[in-house]
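K.L.:
Before we start, here is the structure in question, set down as structure tokens.
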Amino acid sequence: MKNNNIHTAAATLTAGRLARIETRPLNEGDKICSHEDVYYPPLTRFDHAMPAYTLAHTFDGQGLNATWNSPDRRSAFVGTFSAPSE
């Protein structure tokens with residue numbers, strides 16, 4: 001996360017050449033209908049989450065029978081979460 005601050009909504013996750021996600025905060029130019037709500041919640045339980053703009057969203061690995069590249073969309077969440085330990 002940029003400046004180690006979740007509220008910047010600017011984050012990058014890179015897994016070698018396998019996957020990359022990069023986000024930035026939403027801004028006024030990202031609106032498409034002037035009625036902006038979070039329609040779909042995050043897919044996992046978060047301690048804190050906020051919507052972000054996706055600059056990069058790629059997967060080029062084995063095992064999913066698919067690869068993708070879907071940048072430049074309002075399709076991300078930046079947040080903090082915890083997973084139970086085993």
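Every chain in the structure tokens takes a letter, A first, then B, and so on in the order presented; its residues are numbered from 1, and the ligands are numbered from 1 following the presented order.
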Find the residues of range 44-81 of chain A that sit at most 7 Å from range 22-26 of chain A; for each, write down the nearest two atoms and how far apart they are in Å, to one decimal. Count only C-alpha atoms. Sort by chain, then by number going up, and give it as JSON lines.
P.N.:
{"residue": "A:Ala52", "atom": "CA", "partner": "A:Pro25", "partner_atom": "CA", "distance": 5.1}
{"residue": "A:Tyr53", "atom": "CA", "partner": "A:Arg24", "partner_atom": "CA", "distance": 5.3}
{"residue": "A:Thr54", "atom": "CA", "partner": "A:Thr23", "partner_atom": "CA", "distance": 4.6}
{"residue": "A:Leu55", "atom": "CA", "partner": "A:Thr23", "partner_atom": "CA", "distance": 5.3}
{"residue": "A:Ala56", "atom": "CA", "partner": "A:Glu22", "partner_atom": "CA", "distance": 4.9}
{"residue": "A:His57", "atom": "CA", "partner": "A:Glu22", "partner_atom": "CA", "distance": 6.8}
K.L.:
Could you give me, as an NGL selection string, each residue of chain A that DSSP assigns to strand (DSSP E) when run on this structure's backbone?
P.N.:
:A and (12-15 or 19-24 or 48-59 or 68-69 or 73-80)
K.L.:
I need the residues from that last selection saved to file as a tab-separated table (two decimals), in the first residue's frame (with N, CA and C atoms), if you can.
P.N.:
chain	number	residue	atom	x	y	z
A	12	THR	N	-0.43	-2.48	-4.63
A	12	THR	CA	0.08	-3.37	-5.68
A	12	THR	C	0.37	-4.72	-5.06
A	13	LEU	N	-0.08	-5.76	-5.73
A	13	LEU	CA	0.22	-7.13	-5.35
A	13	LEU	C	0.79	-7.81	-6.58
A	14	THR	N	2.00	-8.34	-6.47
A	14	THR	CA	2.64	-9.03	-7.57
A	14	THR	C	3.07	-10.41	-7.10
A	15	ALA	N	2.74	-11.41	-7.88
A	15	ALA	CA	3.16	-12.79	-7.60
A	15	ALA	C	4.02	-13.25	-8.77
A	19	ALA	N	0.73	-13.36	-11.43
A	19	ALA	CA	-0.42	-12.46	-11.26
A	19	ALA	C	0.05	-11.08	-10.81
A	20	ARG	N	-0.77	-10.08	-11.14
A	20	ARG	CA	-0.50	-8.70	-10.72
A	20	ARG	C	-1.83	-7.98	-10.57
A	21	ILE	N	-1.96	-7.27	-9.45
A	21	ILE	CA	-3.10	-6.40	-9.20
A	21	ILE	C	-2.53	-5.06	-8.75
A	22	GLU	N	-3.01	-3.99	-9.35
A	22	GLU	CA	-2.58	-2.65	-8.95
A	22	GLU	C	-3.83	-1.76	-8.92
A	23	THR	N	-3.97	-0.97	-7.86
A	23	THR	CA	-5.15	-0.12	-7.71
A	23	THR	C	-4.75	1.33	-7.42
A	24	ARG	N	-5.72	2.20	-7.59
A	24	ARG	CA	-5.60	3.60	-7.20
A	24	ARG	C	-6.95	4.02	-6.63
A	48	HIS	N	-11.75	-4.24	7.17
A	48	HIS	CA	-12.04	-2.91	6.61
A	48	HIS	C	-11.79	-3.00	5.11
A	49	ALA	N	-12.72	-2.52	4.31
A	49	ALA	CA	-12.56	-2.56	2.85
A	49	ALA	C	-13.16	-1.31	2.23
A	50	MET	N	-12.57	-0.90	1.12
A	50	MET	CA	-13.10	0.23	0.37
A	50	MET	C	-12.87	0.01	-1.11
A	51	PRO	N	-13.79	0.50	-1.95
A	51	PRO	CA	-13.64	0.30	-3.38
A	51	PRO	C	-12.44	1.07	-3.94
A	52	ALA	N	-11.86	0.54	-5.00
A	52	ALA	CA	-10.71	1.16	-5.66
A	52	ALA	C	-10.80	0.93	-7.16
A	53	TYR	N	-10.05	1.69	-7.90
A	53	TYR	CA	-9.99	1.57	-9.36
A	53	TYR	C	-8.86	0.61	-9.73
A	54	THR	N	-9.13	-0.32	-10.61
A	54	THR	CA	-8.15	-1.33	-11.01
A	54	THR	C	-7.31	-0.82	-12.17
A	55	LEU	N	-6.02	-0.64	-11.94
A	55	LEU	CA	-5.09	-0.26	-13.00
A	55	LEU	C	-4.54	-1.48	-13.72
A	56	ALA	N	-4.29	-2.55	-12.96
A	56	ALA	CA	-3.78	-3.80	-13.53
A	56	ALA	C	-4.47	-4.96	-12.81
A	57	HIS	N	-4.83	-5.98	-13.59
A	57	HIS	CA	-5.49	-7.17	-13.03
A	57	HIS	C	-5.20	-8.31	-14.00
A	58	THR	N	-4.11	-9.02	-13.78
A	58	THR	CA	-3.69	-10.06	-14.72
A	58	THR	C	-3.43	-11.37	-14.00
A	59	PHE	N	-3.69	-12.45	-14.70
A	59	PHE	CA	-3.33	-13.79	-14.25
A	59	PHE	C	-2.87	-14.56	-15.46
A	68	TRP	N	-6.17	-14.06	-17.79
A	68	TRP	CA	-6.93	-12.84	-18.04
A	68	TRP	C	-6.08	-11.61	-17.82
A	69	ASN	N	-6.58	-10.53	-18.40
A	69	ASN	CA	-6.00	-9.21	-18.27
A	69	ASN	C	-7.17	-8.25	-18.35
A	73	ARG	N	-10.73	-0.56	-14.72
A	73	ARG	CA	-12.13	-0.76	-14.34
A	73	ARG	C	-12.32	-0.40	-12.86
A	74	ARG	N	-13.54	-0.08	-12.50
A	74	ARG	CA	-13.89	0.13	-11.09
A	74	ARG	C	-14.29	-1.23	-10.53
A	75	SER	N	-13.30	-2.07	-10.27
A	75	SER	CA	-13.61	-3.46	-9.95
A	75	SER	C	-12.81	-4.02	-8.78
A	76	ALA	N	-12.22	-3.19	-7.97
A	76	ALA	CA	-11.35	-3.70	-6.91
A	76	ALA	C	-11.80	-3.21	-5.54
A	77	PHE	N	-11.35	-3.92	-4.54
A	77	PHE	CA	-11.44	-3.49	-3.15
A	77	PHE	C	-10.04	-3.52	-2.57
A	78	VAL	N	-9.72	-2.56	-1.75
A	78	VAL	CA	-8.49	-2.55	-0.98
A	78	VAL	C	-8.92	-2.67	0.47
A	79	GLY	N	-8.27	-3.56	1.20
A	79	GLY	CA	-8.71	-3.72	2.57
A	79	GLY	C	-7.74	-4.51	3.42
A	80	THR	N	-8.13	-4.70	4.65
A	80	THR	CA	-7.37	-5.53	5.57
A	80	THR	C	-8.25	-6.70	5.98
K.L.:
Have a look at A:Phe46, A:Asn4, A:Gly61, A:Thr67 and name the one nearest to Ser82 in chain A; count only C-alpha atoms.
P.N.:
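Closest to Ser82 in chain A of all the choices is A:Phe46.
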K.L.:
One decimal, in Å: what's the spacing between CA of Gly16 in chain A and CA of Asn3 in chain A?
P.N.:
22.2 Å
K.L.:
If I take CA of Ala9 in chain A and CA of Lys31 in chain A, how far is one from the other in Å, to one decimal?
P.N.:
16.4 Å
K.L.:
Just list the residues in chain A DSSP gives helix (DSSP H, G or I) on the backbone, as number ranges by chain.
P.N.:
A: 2-4, 6-8, 28-30
